[in-house]
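Enquirer: Okay, so here is model.cif, and as you'll see once you scroll down, it has mmCIF, C-alpha atoms and all ligand atoms.
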```
data_coords
#
loop_
_atom_site.label_atom_id
_atom_site.label_comp_id
_atom_site.auth_asym_id
_atom_site.auth_seq_id
_atom_site.Cartn_x
_atom_site.Cartn_y
_atom_site.Cartn_z
CA MET A 508 6.44 -10.60 16.21
CA PRO A 509 4.21 -10.38 13.10
CA GLU A 510 5.12 -8.27 10.06
CA PRO A 511 4.09 -4.58 10.35
CA ILE A 512 0.73 -3.57 8.87
CA ARG A 513 0.13 -0.26 7.13
CA VAL A 514 -2.50 2.07 8.58
CA VAL A 515 -3.56 5.42 7.11
CA VAL A 516 -4.96 8.32 9.12
CA THR A 517 -6.30 11.27 7.12
CA GLY A 518 -6.58 14.73 8.62
CA ALA A 519 -3.43 13.73 10.44
CA ALA A 520 -2.48 17.30 11.33
CA GLY A 521 -5.89 17.99 12.89
CA GLN A 522 -7.16 17.91 16.45
CA ILE A 523 -8.71 14.40 16.55
CA SER A 524 -5.59 12.87 15.03
CA TYR A 525 -3.41 14.54 17.64
CA SER A 526 -4.89 12.13 20.21
CA LEU A 527 -5.72 9.27 17.84
CA LEU A 528 -2.22 8.73 16.46
CA TYR A 529 -0.77 8.03 19.89
CA MET A 530 -3.57 5.59 20.76
CA ILE A 531 -3.06 3.66 17.51
CA ALA A 532 0.75 3.72 17.68
CA LYS A 533 0.92 2.29 21.19
CA GLY A 534 -1.24 -0.72 20.28
CA ASP A 535 -4.73 0.16 21.51
CA VAL A 536 -6.34 -0.88 18.20
CA PHE A 537 -4.33 -3.65 16.56
CA GLY A 538 -2.90 -5.16 19.73
CA TYR A 539 0.24 -4.75 21.73
CA GLU A 540 2.19 -7.27 19.58
CA GLN A 541 1.36 -5.78 16.17
CA PRO A 542 4.03 -3.48 14.64
CA LEU A 543 2.73 -0.63 12.47
CA ILE A 544 3.69 1.66 9.63
CA LEU A 545 1.61 4.83 9.90
CA HIS A 546 0.69 6.76 6.74
CA LEU A 547 -0.34 10.33 7.59
CA LEU A 548 -2.37 12.23 4.99
CA ASP A 549 -3.18 15.91 5.11
CA ILE A 550 -3.46 18.75 2.59
CA PRO A 551 -0.39 20.61 1.22
CA PRO A 552 -0.75 23.77 3.43
CA MET A 553 -0.61 21.53 6.53
CA MET A 554 2.69 19.79 5.70
CA ASP A 555 4.75 21.90 8.15
CA VAL A 556 2.32 21.19 10.98
CA LEU A 557 2.35 17.51 10.01
CA GLN A 558 6.15 17.47 10.28
CA GLY A 559 5.71 18.60 13.88
CA VAL A 560 3.38 15.66 14.52
CA VAL A 561 5.95 13.31 12.94
CA MET A 562 8.63 14.73 15.26
CA GLU A 563 6.41 14.19 18.29
CA LEU A 564 5.61 10.61 17.30
CA ALA A 565 9.36 9.94 17.05
CA ASP A 566 9.86 11.58 20.44
CA CYS A 567 7.26 9.23 21.97
CA ALA A 568 9.72 6.35 21.28
CA ILE A 569 6.94 3.83 20.73
CA PRO A 570 8.31 0.31 20.18
CA LEU A 571 5.49 -0.84 17.82
CA LEU A 572 5.83 2.16 15.51
CA ARG A 573 8.27 1.09 12.76
CA GLU A 574 7.85 3.93 10.26
CA VAL A 575 5.83 7.12 9.74
CA ILE A 576 5.07 8.37 6.21
CA PRO A 577 3.69 11.94 6.08
CA THR A 578 2.23 12.92 2.71
CA ALA A 579 -0.26 15.08 0.83
CA ASP A 580 -0.52 12.50 -1.97
CA PRO A 581 -3.42 10.01 -1.73
CA ALA A 582 -1.48 7.55 -3.92
CA VAL A 583 1.20 7.32 -1.22
CA ALA A 584 -1.21 7.54 1.69
CA PHE A 585 -3.48 4.66 0.65
CA LYS A 586 -0.80 2.32 -0.78
CA ASP A 587 -1.20 -1.21 0.64
CA VAL A 588 -3.07 -0.10 3.77
CA SER A 589 -5.01 -2.64 5.85
CA ALA A 590 -6.92 -0.03 7.86
CA ALA A 591 -8.04 3.51 7.06
CA PHE A 592 -9.17 6.12 9.58
CA LEU A 593 -10.79 8.82 7.41
CA VAL A 594 -10.80 11.77 9.78
CA GLY A 595 -9.76 14.60 7.45
CA ALA A 596 -12.68 16.92 6.76
CA MET A 597 -14.01 20.27 7.88
CA PRO A 598 -15.63 20.27 11.37
CA ARG A 599 -18.87 22.17 12.02
CA LYS A 600 -19.02 25.41 13.98
CA GLN A 601 -21.59 26.52 16.52
CA GLY A 602 -25.11 26.79 15.03
CA MET A 603 -24.47 24.39 12.14
CA GLU A 604 -25.93 20.90 11.69
CA ARG A 605 -23.48 18.20 10.54
CA LYS A 606 -25.28 17.88 7.21
CA ASP A 607 -24.34 21.54 6.51
CA LEU A 608 -20.84 20.14 5.93
CA LEU A 609 -21.91 18.01 2.97
CA SER A 610 -20.97 20.52 0.31
CA ALA A 611 -17.50 21.03 1.81
CA ASN A 612 -16.73 17.41 2.64
CA VAL A 613 -18.45 14.94 0.34
CA LYS A 614 -16.01 15.47 -2.54
CA ILE A 615 -13.12 14.55 -0.26
CA PHE A 616 -14.70 11.13 0.25
CA LYS A 617 -15.21 10.59 -3.48
CA VAL A 618 -11.50 11.22 -4.09
CA GLN A 619 -10.47 9.03 -1.17
CA GLY A 620 -12.82 6.22 -2.29
CA GLU A 621 -11.12 6.28 -5.68
CA ALA A 622 -7.69 6.21 -4.04
CA LEU A 623 -8.65 3.31 -1.75
CA ASP A 624 -9.95 1.42 -4.78
CA LYS A 625 -6.69 1.91 -6.63
CA TYR A 626 -4.05 1.58 -3.94
CA ALA A 627 -5.33 -0.07 -0.73
CA LYS A 628 -5.47 -3.77 0.10
CA LYS A 629 -8.77 -5.27 -1.06
CA ASP A 630 -9.63 -6.28 2.49
CA VAL A 631 -8.95 -2.81 3.94
CA LYS A 632 -11.27 -1.84 6.78
CA VAL A 633 -12.41 1.77 6.49
CA LEU A 634 -13.77 3.93 9.30
CA VAL A 635 -15.21 7.31 8.31
CA VAL A 636 -15.09 9.88 11.12
CA GLY A 637 -15.33 13.11 9.07
CA ASN A 638 -18.84 14.53 9.07
CA PRO A 639 -21.47 13.91 7.94
CA ALA A 640 -19.91 10.52 8.59
CA ASN A 641 -22.67 8.14 7.41
CA THR A 642 -23.18 9.76 4.04
CA ASN A 643 -19.46 10.30 3.50
CA ALA A 644 -18.92 6.56 4.11
CA LEU A 645 -21.64 5.69 1.60
CA ILE A 646 -20.10 7.93 -1.05
CA CYS A 647 -16.61 6.60 -0.33
CA SER A 648 -17.78 3.00 -0.84
CA LYS A 649 -19.51 3.91 -4.13
CA TYR A 650 -16.20 5.14 -5.52
CA ALA A 651 -14.33 2.01 -4.41
CA PRO A 652 -16.25 -0.73 -6.22
CA SER A 653 -13.43 -3.30 -5.97
CA ILE A 654 -13.63 -3.26 -2.15
CA PRO A 655 -16.62 -4.97 -0.46
CA LYS A 656 -19.18 -2.43 0.73
CA GLU A 657 -19.18 -4.15 4.15
CA ASN A 658 -15.64 -2.75 4.58
CA PHE A 659 -16.93 0.83 4.80
CA THR A 660 -18.27 1.99 8.15
CA ALA A 661 -19.14 5.28 9.85
CA MET A 662 -18.43 6.21 13.44
CA THR A 663 -21.34 6.27 15.88
CA ARG A 664 -19.23 4.78 18.67
CA LEU A 665 -18.80 8.22 20.23
CA ASP A 666 -22.59 8.40 20.55
CA GLN A 667 -22.64 4.90 22.03
CA ASN A 668 -19.94 5.82 24.55
CA ARG A 669 -21.83 8.99 25.45
CA ALA A 670 -25.05 7.01 25.91
CA GLN A 671 -23.34 4.38 28.04
CA ALA A 672 -21.76 7.10 30.20
CA GLN A 673 -25.13 8.82 30.72
CA VAL A 674 -26.88 5.60 31.72
CA SER A 675 -24.11 4.48 34.08
CA ALA A 676 -24.03 7.92 35.74
CA LYS A 677 -27.81 7.83 36.19
CA ILE A 678 -27.60 4.40 37.85
CA GLY A 679 -24.40 5.26 39.72
CA VAL A 680 -22.18 2.42 38.48
CA PRO A 681 -18.89 2.34 36.52
CA VAL A 682 -19.39 2.41 32.72
CA GLU A 683 -18.21 -1.15 32.14
CA GLN A 684 -21.20 -2.47 34.11
CA VAL A 685 -23.59 -1.12 31.43
CA SER A 686 -23.80 -2.71 27.96
CA ASN A 687 -25.95 -3.00 24.84
CA VAL A 688 -27.09 0.62 24.63
CA ILE A 689 -27.81 1.09 20.91
CA ILE A 690 -27.38 4.01 18.53
CA TRP A 691 -29.67 3.70 15.53
CA GLY A 692 -29.36 5.74 12.35
CA ASN A 693 -27.41 8.86 11.53
CA HIS A 694 -24.55 10.47 13.47
CA SER A 695 -26.70 13.59 13.75
CA SER A 696 -29.33 15.07 15.99
CA THR A 697 -31.90 12.63 14.51
CA GLN A 698 -30.02 9.57 15.80
CA PHE A 699 -31.97 7.31 18.15
CA PRO A 700 -30.05 6.42 21.32
CA ASP A 701 -31.98 3.40 22.60
CA ALA A 702 -31.53 2.00 26.10
CA SER A 703 -34.52 -0.35 25.91
CA HIS A 704 -32.28 -3.41 25.28
CA ALA A 705 -29.48 -2.25 27.57
CA VAL A 706 -28.45 -4.24 30.62
CA VAL A 707 -26.56 -3.46 33.81
CA ASN A 708 -24.53 -5.81 35.92
CA LEU A 709 -25.35 -5.20 39.59
CA SER A 710 -23.53 -7.35 42.16
CA GLY A 711 -23.09 -10.15 39.60
CA LYS A 712 -26.76 -10.08 38.49
CA GLN A 713 -27.77 -8.89 35.02
CA LEU A 714 -30.80 -6.59 35.07
CA THR A 715 -32.39 -4.45 32.38
CA VAL A 716 -31.53 -0.77 32.52
CA ALA A 717 -35.25 0.03 32.30
CA GLU A 718 -36.10 -1.96 35.45
CA VAL A 719 -33.24 -0.37 37.39
CA ILE A 720 -33.84 3.24 36.30
CA LYS A 721 -37.65 2.97 36.54
CA ASP A 722 -38.13 6.28 34.73
CA ASP A 723 -39.51 5.90 31.22
CA SER A 724 -39.73 9.61 30.60
CA TRP A 725 -35.99 10.03 31.34
CA LEU A 726 -35.11 7.12 29.05
CA ARG A 727 -37.35 8.20 26.16
CA ASP A 728 -36.87 11.93 26.41
CA THR A 729 -34.08 13.45 28.53
CA PHE A 730 -31.53 10.72 27.80
CA VAL A 731 -32.28 10.71 24.06
CA GLN A 732 -31.90 14.48 23.82
CA ILE A 733 -28.71 14.66 25.87
CA VAL A 734 -27.00 12.14 23.59
CA GLN A 735 -28.41 13.64 20.38
CA LYS A 736 -27.13 17.10 21.35
CA ARG A 737 -23.88 16.17 23.10
CA GLY A 738 -21.67 17.12 20.14
CA ALA A 739 -23.26 20.57 20.00
CA ALA A 740 -22.88 20.97 23.78
CA VAL A 741 -19.15 20.25 23.52
CA ILE A 742 -18.79 22.78 20.70
CA ALA A 743 -20.63 25.41 22.77
CA ALA A 744 -18.27 24.81 25.71
CA ARG A 745 -14.94 24.29 23.92
CA LYS A 746 -15.62 26.44 20.85
CA MET A 747 -14.19 23.44 19.01
CA SER A 748 -15.70 20.05 18.36
CA SER A 749 -15.04 16.89 20.38
CA ALA A 750 -11.58 15.54 19.76
CA LEU A 751 -10.22 13.43 22.63
CA SER A 752 -13.48 11.49 22.97
CA ALA A 753 -13.74 11.14 19.19
CA ALA A 754 -10.24 9.68 19.03
CA LYS A 755 -11.06 7.22 21.83
CA ALA A 756 -14.27 6.19 20.04
CA ALA A 757 -12.38 5.63 16.77
CA THR A 758 -9.95 3.29 18.54
CA ASP A 759 -12.85 1.43 20.20
CA HIS A 760 -14.60 1.00 16.82
CA MET A 761 -11.54 -0.29 14.96
CA ARG A 762 -10.32 -2.45 17.87
CA ASP A 763 -13.67 -4.25 18.03
CA TRP A 764 -13.75 -4.64 14.24
CA PHE A 765 -10.26 -6.16 14.15
CA GLN A 766 -10.37 -8.07 17.42
CA GLY A 767 -14.09 -8.95 17.78
CA THR A 768 -16.83 -8.23 20.29
CA VAL A 769 -17.29 -9.99 23.61
CA TYR A 770 -19.93 -12.75 23.60
CA GLY A 771 -23.38 -11.37 24.51
CA LYS A 772 -22.37 -7.74 23.95
CA TYR A 773 -23.01 -5.62 20.91
CA VAL A 774 -21.67 -2.31 19.65
CA SER A 775 -23.07 0.31 17.28
CA MET A 776 -21.53 1.04 13.89
CA GLY A 777 -22.73 2.84 10.78
CA VAL A 778 -22.86 0.03 8.18
CA VAL A 779 -24.50 -0.42 4.80
CA SER A 780 -28.13 -1.31 5.45
CA ASP A 781 -29.37 -4.70 4.24
CA GLY A 782 -32.98 -3.74 5.03
CA SER A 783 -32.92 -5.10 8.60
CA TYR A 784 -35.59 -3.56 10.89
CA GLY A 785 -37.29 -2.02 7.84
CA VAL A 786 -34.42 0.44 7.26
CA PRO A 787 -34.09 1.38 3.56
CA LYS A 788 -31.23 -0.42 1.80
CA ASP A 789 -28.21 1.41 0.40
CA LEU A 790 -27.80 3.82 3.30
CA VAL A 791 -25.02 3.77 5.88
CA PHE A 792 -27.14 3.42 9.01
CA SER A 793 -26.01 2.75 12.56
CA PHE A 794 -27.12 -0.67 13.82
CA PRO A 795 -26.18 -2.85 16.77
CA VAL A 796 -23.62 -5.38 15.53
CA THR A 797 -21.54 -8.26 16.80
CA ILE A 798 -18.14 -8.95 15.25
CA LYS A 799 -16.28 -12.22 14.71
CA ASN A 800 -13.20 -12.90 12.56
CA GLY A 801 -13.22 -9.32 11.30
CA GLN A 802 -16.82 -9.54 9.98
CA TRP A 803 -19.71 -7.62 11.52
CA SER A 804 -23.31 -8.92 11.62
CA ILE A 805 -26.36 -6.87 12.48
CA VAL A 806 -28.02 -8.14 15.67
CA GLN A 807 -31.37 -9.60 14.63
CA GLY A 808 -34.65 -10.17 16.46
CA LEU A 809 -34.73 -7.14 18.77
CA THR A 810 -38.22 -5.92 19.61
CA ILE A 811 -38.93 -2.54 18.05
CA ASP A 812 -41.99 -0.86 19.53
CA ASP A 813 -43.98 1.92 17.87
CA PHE A 814 -41.95 4.66 19.58
CA ALA A 815 -38.70 3.14 18.27
CA LYS A 816 -40.18 2.54 14.79
CA GLN A 817 -41.03 6.21 14.54
CA LYS A 818 -37.49 7.22 15.61
CA LEU A 819 -35.87 4.85 13.10
CA ALA A 820 -38.05 6.27 10.33
CA ILE A 821 -37.06 9.88 11.14
CA THR A 822 -33.33 9.22 11.06
CA GLY A 823 -33.64 6.96 7.98
CA LYS A 824 -35.48 9.73 6.13
CA GLU A 825 -32.72 12.22 6.96
CA LEU A 826 -30.13 9.79 5.58
CA GLU A 827 -32.10 9.37 2.35
CA GLU A 828 -32.21 13.17 1.96
CA GLU A 829 -28.47 13.46 2.67
CA LYS A 830 -27.72 10.78 0.09
CA GLU A 831 -29.75 12.62 -2.53
CA GLU A 832 -27.99 15.89 -1.72
CA ALA A 833 -24.54 14.27 -1.77
CA VAL A 834 -25.14 12.71 -5.17
CA ALA A 835 -26.34 16.09 -6.51
CA ILE A 836 -23.22 17.85 -5.15
CA ILE A 837 -20.90 15.30 -6.76
CA GLN A 838 -22.71 15.42 -10.09
CA ALA A 839 -22.87 19.25 -10.22
N1 LIG A 901 -18.24 10.80 13.68
C1 LIG A 901 -17.98 11.40 14.82
O1 LIG A 901 -18.42 10.95 15.91
C2 LIG A 901 -17.14 12.64 14.87
C3 LIG A 901 -16.76 13.28 13.73
N2 LIG A 901 -16.00 14.43 13.78
C4 LIG A 901 -15.61 15.02 12.49
O2 LIG A 901 -14.23 14.70 12.23
C5 LIG A 901 -13.70 15.65 11.32
C6 LIG A 901 -12.32 16.11 11.79
O3 LIG A 901 -12.41 16.82 13.00
P1 LIG A 901 -11.14 17.56 13.65
O4 LIG A 901 -9.97 16.67 13.69
O5 LIG A 901 -11.65 18.17 14.89
O6 LIG A 901 -10.92 18.70 12.57
P2 LIG A 901 -9.61 19.60 12.33
O7 LIG A 901 -10.05 20.77 11.51
O8 LIG A 901 -8.87 19.82 13.57
O9 LIG A 901 -8.73 18.63 11.42
C7 LIG A 901 -9.13 18.23 10.16
C8 LIG A 901 -7.88 17.98 9.37
O10 LIG A 901 -8.27 17.43 8.11
C9 LIG A 901 -7.45 18.00 7.13
N3 LIG A 901 -8.05 17.82 5.82
C10 LIG A 901 -8.98 18.60 5.21
N4 LIG A 901 -9.22 18.13 3.98
C11 LIG A 901 -8.46 17.04 3.81
C12 LIG A 901 -8.26 16.13 2.74
N5 LIG A 901 -8.89 16.26 1.57
N6 LIG A 901 -7.37 15.13 2.91
C13 LIG A 901 -6.70 15.00 4.07
N7 LIG A 901 -6.82 15.83 5.11
C14 LIG A 901 -7.71 16.83 4.98
C15 LIG A 901 -7.29 19.46 7.58
O11 LIG A 901 -6.19 20.07 6.94
C16 LIG A 901 -7.08 19.26 9.07
O12 LIG A 901 -5.72 19.07 9.38
C17 LIG A 901 -14.75 16.76 11.23
O13 LIG A 901 -15.51 16.59 10.04
C18 LIG A 901 -15.61 16.54 12.46
O14 LIG A 901 -16.90 17.06 12.29
C19 LIG A 901 -15.59 14.93 14.96
C20 LIG A 901 -15.93 14.32 16.14
C21 LIG A 901 -16.77 13.15 16.18
O1 LIG A 902 -20.71 17.68 16.48
C1 LIG A 902 -19.98 17.87 15.51
O2 LIG A 902 -20.37 18.28 14.42
C2 LIG A 902 -18.53 17.64 15.60
C3 LIG A 902 -18.14 16.54 16.40
C4 LIG A 902 -19.10 15.44 16.42
O3 LIG A 902 -19.51 14.90 15.42
C5 LIG A 902 -19.53 15.03 17.75
O4 LIG A 902 -19.02 15.57 18.74
O5 LIG A 902 -20.37 14.15 17.83
#
```
Is it possible to express this structure as structure tokens?
Ligand SMILES: NC(=O)C1=CN([C@@H]2O[C@H](COP(=O)(O)OP(=O)(O)OC[C@H]3O[C@@H](n4cnc5c(N)ncnc54)[C@H](O)[C@@H]3O)[C@@H](O)[C@H]2O)C=CC1
Ligand SMILES: O=C(O)CCC(=O)C(=O)O
Expert:
Amino acid sequence: MPEPIRVVVTGAAGQISYSLLYMIAKGDVFGYEQPLILHLLDIPPMMDVLQGVVMELADCAIPLLREVIPTADPAVAFKDVSAAFLVGAMPRKQGMERKDLLSANVKIFKVQGEALDKYAKKDVKVLVVGNPANTNALICSKYAPSIPKENFTAMTRLDQNRAQAQVSAKIGVPVEQVSNVIIWGNHSSTQFPDASHAVVNLSGKQLTVAEVIKDDSWLRDTFVQIVQKRGAAVIAARKMSSALSAAKAATDHMRDWFQGTVYGKYVSMGVVSDGSYGVPKDLVFSFPVTIKNGQWSIVQGLTIDDFAKQKLAITGKELEEEKEEAVAIIQA
């Protein structure tokens, strides 16, 4: 067996982490042969609750889990970690947009960027889940200049999973038969869920989703809106934001980043824009990517029609505004 790796989860006493920790500990992300030391960060008032989580992890008797370190100190939490799940942040309530969380959350990601810079391994892979995830990831990377900016990503995998589930339900096939649905842009209601490059495997034959569904208005309108508003719909029903599905998406994101994507399939991740598809640089924008040897690459050469161009511009503009606001909050 390899040596254990250190993995930090922030917001470890919260609702997403309650599902996520078990998924990580049992090997869903780093593989079923990789022992782990889990670092659990939360704020001082949550330390009693966190102790309960530590007890439950022990009671799961998970063979891969070698040690659990609960702490409220970022210096301890980020020390020598190879992977960071940055979940800890305030969730939105009904009626709020995710960007309304900027003032409460962006400073957390400045502090955690500084701590990653100081204490984490230089090749640490960072996934920001806490909202607004794209802009928080951007700010985090700015405060960790010694770590490559490619190592900071934001979670749009939940949106991808939602989109894939909607398309497969519409066609009437299991989800694994649908691939290459893309989420472009911000993890917000301006995101562009795009099924125009998606494919479906039907009786061993690969067909485009568009030719199977044969309903452009559903694909361009109903589908886009369902996915854009799914987070709000869950909040309206549960009175709390998505947690189980968010935890599953976080494990999917990090598993693919560490273990690679399957040939011919791509996944969506918020990554620092290099200007591909005319997206402004220096934003964390969700693109379709493939991953090999732990490195992601933006899928190039996809056809972007005028409808898609317009959607990419809307979500890119929102991200530029968020960035401006975040910088102002930090400098105030
Ligand atoms: N990107 C995505 O697709 C999704 C993002 N989210 C976001 O994830 C975040 C967490 O959601 P939940 O777990 O439901 O919230 P929660 O409120 O249940 O848990 C958040 C935890 O973070 C802790 N926390 C707050 N400040 C912290 C800090 N500075 N350091 C460490 N821990 C800190 C809190 O004490 C709490 O235990 C929210 O911002 C939510 O909006 C949720 C679902 C999907
Ligand atoms: O919608 C929210 O603000 C909280 C959870 C979330 O980001 C989501 O469900 O997509």
Enquirer: For chain A versus ligand LIG 902 (chain A), which residues have an atom no more than 10 Å away, and what is each residue's nearest atom pair and distance in Å rounded to one decimal, using all atoms listed in the file, chain-then-number order, as a Markdown table?
Expert:
```
| residue | atom | partner | partner_atom | distance |
| --- | --- | --- | --- | --- |
| A:Ile523 | CA | A:LIG902 | C3 | 9.7 |
| A:Met597 | CA | A:LIG902 | C2 | 9.3 |
| A:Pro598 | CA | A:LIG902 | C2 | 5.8 |
| A:Arg599 | CA | A:LIG902 | O2 | 4.8 |
| A:Lys600 | CA | A:LIG902 | O2 | 7.3 |
| A:Gln601 | CA | A:LIG902 | O2 | 8.6 |
| A:Gly602 | CA | A:LIG902 | O2 | 9.8 |
| A:Met603 | CA | A:LIG902 | O2 | 7.7 |
| A:Glu604 | CA | A:LIG902 | O2 | 6.7 |
| A:Arg605 | CA | A:LIG902 | O2 | 5.0 |
| A:Lys606 | CA | A:LIG902 | O2 | 8.7 |
| A:Asp607 | CA | A:LIG902 | O2 | 9.4 |
| A:Leu608 | CA | A:LIG902 | O2 | 8.7 |
| A:Val636 | CA | A:LIG902 | O3 | 8.0 |
| A:Gly637 | CA | A:LIG902 | O3 | 7.8 |
| A:Asn638 | CA | A:LIG902 | O3 | 6.4 |
| A:Pro639 | CA | A:LIG902 | O3 | 7.8 |
| A:Ala640 | CA | A:LIG902 | O3 | 8.1 |
| A:Met662 | CA | A:LIG902 | O3 | 9.0 |
| A:Thr663 | CA | A:LIG902 | O5 | 8.2 |
| A:Arg664 | CA | A:LIG902 | O5 | 9.5 |
| A:Leu665 | CA | A:LIG902 | O5 | 6.6 |
| A:Asp666 | CA | A:LIG902 | O5 | 6.7 |
| A:Arg669 | CA | A:LIG902 | O5 | 9.3 |
| A:His694 | CA | A:LIG902 | O3 | 7.0 |
| A:Ser695 | CA | A:LIG902 | O3 | 7.5 |
| A:Ser696 | CA | A:LIG902 | O1 | 9.0 |
| A:Val734 | CA | A:LIG902 | O5 | 9.0 |
| A:Gln735 | CA | A:LIG902 | O5 | 8.5 |
| A:Lys736 | CA | A:LIG902 | O1 | 8.1 |
| A:Arg737 | CA | A:LIG902 | O4 | 6.6 |
| A:Gly738 | CA | A:LIG902 | O4 | 3.4 |
| A:Ala739 | CA | A:LIG902 | O1 | 5.2 |
| A:Ala740 | CA | A:LIG902 | O1 | 8.3 |
| A:Val741 | CA | A:LIG902 | O4 | 6.7 |
| A:Ile742 | CA | A:LIG902 | O1 | 6.9 |
| A:Ala743 | CA | A:LIG902 | O1 | 10.0 |
| A:Met747 | CA | A:LIG902 | C2 | 8.0 |
| A:Ser748 | CA | A:LIG902 | C2 | 4.6 |
| A:Ser749 | CA | A:LIG902 | O4 | 4.5 |
| A:Ala750 | CA | A:LIG902 | C3 | 7.4 |
| A:Leu751 | CA | A:LIG902 | O4 | 9.9 |
| A:Ser752 | CA | A:LIG902 | O4 | 8.1 |
| A:Ala753 | CA | A:LIG902 | O4 | 6.9 |
```
Enquirer: If we count only C-alpha atoms, what is near A:Asp630 at a cut-off of 12 Å, once residues fewer than 6 positions away on the same chain are taken out, given as a count of residues only?
Expert: 18
Enquirer: Find the residue from A:Gly595, A:Pro542, A:Gly777, A:Gly518 that sits nearest to A:Ala644; use all atoms listed in the file when measuring.
Expert: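 When distances to A:Ala644 are compared using all atoms listed in the file, the smallest one comes from A:Gly777.
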Enquirer: Determine, counting only C-alpha atoms, which protein, DNA and RNA residues have an atom within 7 Å of an atom of A:Glu574; residues of the same chain fewer than 2 positions away are not included. Present the result as a ChimeraX atom specification.
Expert: /A:544-545,572,576
Enquirer: In Å, how far is it from atom CA of A:Val556 to atom CA of A:Lys632?
Expert: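 Atom-to-atom, atom CA of A:Val556 and atom CA of A:Lys632 are spaced 27.1 Å apart.
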Enquirer: A:Asp789, A:Asp722, A:Glu827, A:Asp580: which is nearest A:Thr517, counting all atoms listed in the file?
Expert: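 The closest residue to A:Thr517 is A:Asp580.
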Enquirer: Counting all atoms listed in the file, which of A:Ala754, A:Ile733, A:Val561, A:Val791 gets nearest to ligand LIG 901 (chain A)?
Expert: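 Ranking A:Ala754, A:Ile733, A:Val561, A:Val791 by distance to ligand LIG 901 (chain A), first place goes to A:Ala754.
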Enquirer: Hey, can you check how far atom CA of A:Ala622 sits from atom CA of A:Ile646?
Expert: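 Computed distance, atom CA of A:Ala622 to atom CA of A:Ile646, equals 12.9 Å.
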Enquirer: Using only C-alpha atoms, which protein or nucleic acid residues come within 12 Å of A:Ala532? Drop anything in the same chain fewer than 3 positions from it, and give the result as number ranges by chain.
Expert: A: 511-516, 524-529, 535-546, 561, 563-565, 567-575, 758
Enquirer: Atom CA of A:Tyr773 and atom CA of A:Ser804 are how many Å apart?
Expert: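 A separation of 9.9 Å between them.
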Enquirer: Measuring atom to atom with only C-alpha atoms, identify which of A:His760, A:Ala839, A:Phe699, A:Val769 is nearest to A:Phe814.
Expert: A:Phe699
Enquirer: Build an axis-aligned box that encloses every atom of ligand LIG 901 (chain A) listed in the file, pad it by 6 Å on each side, and report its centre and edge lengths in Å to one decimal, as AutoDock Vina command-line options.
Expert:
```
--center_x -12.1 --center_y 15.8 --center_z 8.9 --size_x 24.7 --size_y 22.0 --size_z 26.6
```
Enquirer: May I have the residues within 12 Å of A:Val779 as a ChimeraX atom specification, using only C-alpha atoms and disregarding those fewer than 2 positions away in the same chain?
Expert: /A:641-649,655-661,692-693,776-777,781-783,786-794,796,803-805,826
Enquirer: Give me the residues near A:Thr715 as a VMD selection string, where near means some atom within 9 Å (using all atoms listed in the file) and where sequence neighbours in that chain fewer than 4 positions away do not count.
Expert: chain A and resid 703 to 708 719 to 720
Enquirer: Pick the closest to A:Met553 from A:Ala835, A:Pro577, A:Val774, A:Gly679: which is it, counting only C-alpha atoms?
Expert: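 Among the listed residues, A:Pro577 lies closest to A:Met553.
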Enquirer: Which is closer to ligand LIG 901 (chain A) than all the others in A:Gly559, A:Pro581, A:Pro509, A:Pro700, using only C-alpha atoms and all ligand atoms?
Expert: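 Selected residue with least distance to ligand LIG 901 (chain A): A:Pro581.
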Enquirer: Please, could N, CA and C atoms be added to stretch 570-578 of chain A and the result written as a PDB file, keeping the file's coordinate frame?
Expert:
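Ended up saving to out02.pdb:
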```pdb
ATOM      1  N   PRO A 570       7.677   1.493  20.767  1.00  0.00           N
ATOM      2  CA  PRO A 570       8.310   0.310  20.180  1.00  0.00           C
ATOM      3  C   PRO A 570       7.575  -0.258  18.953  1.00  0.00           C
ATOM      4  N   LEU A 571       6.235  -0.218  18.936  1.00  0.00           N
ATOM      5  CA  LEU A 571       5.490  -0.840  17.820  1.00  0.00           C
ATOM      6  C   LEU A 571       5.546  -0.016  16.547  1.00  0.00           C
ATOM      7  N   LEU A 572       5.902   1.256  16.667  1.00  0.00           N
ATOM      8  CA  LEU A 572       5.830   2.160  15.510  1.00  0.00           C
ATOM      9  C   LEU A 572       7.124   2.068  14.690  1.00  0.00           C
ATOM     10  N   ARG A 573       7.056   1.378  13.539  1.00  0.00           N
ATOM     11  CA  ARG A 573       8.270   1.090  12.760  1.00  0.00           C
ATOM     12  C   ARG A 573       8.606   2.182  11.757  1.00  0.00           C
ATOM     13  N   GLU A 574       7.584   2.888  11.258  1.00  0.00           N
ATOM     14  CA  GLU A 574       7.850   3.930  10.260  1.00  0.00           C
ATOM     15  C   GLU A 574       6.652   4.884  10.219  1.00  0.00           C
ATOM     16  N   VAL A 575       6.920   6.143   9.904  1.00  0.00           N
ATOM     17  CA  VAL A 575       5.830   7.120   9.740  1.00  0.00           C
ATOM     18  C   VAL A 575       6.032   7.792   8.378  1.00  0.00           C
ATOM     19  N   ILE A 576       4.970   7.808   7.568  1.00  0.00           N
ATOM     20  CA  ILE A 576       5.070   8.370   6.210  1.00  0.00           C
ATOM     21  C   ILE A 576       4.096   9.543   6.086  1.00  0.00           C
ATOM     22  N   PRO A 577       4.581  10.786   6.246  1.00  0.00           N
ATOM     23  CA  PRO A 577       3.690  11.940   6.080  1.00  0.00           C
ATOM     24  C   PRO A 577       3.573  12.299   4.592  1.00  0.00           C
ATOM     25  N   THR A 578       2.375  12.629   4.141  1.00  0.00           N
ATOM     26  CA  THR A 578       2.230  12.920   2.710  1.00  0.00           C
ATOM     27  C   THR A 578       0.964  13.739   2.450  1.00  0.00           C
TER      28      THR A 578
END
```
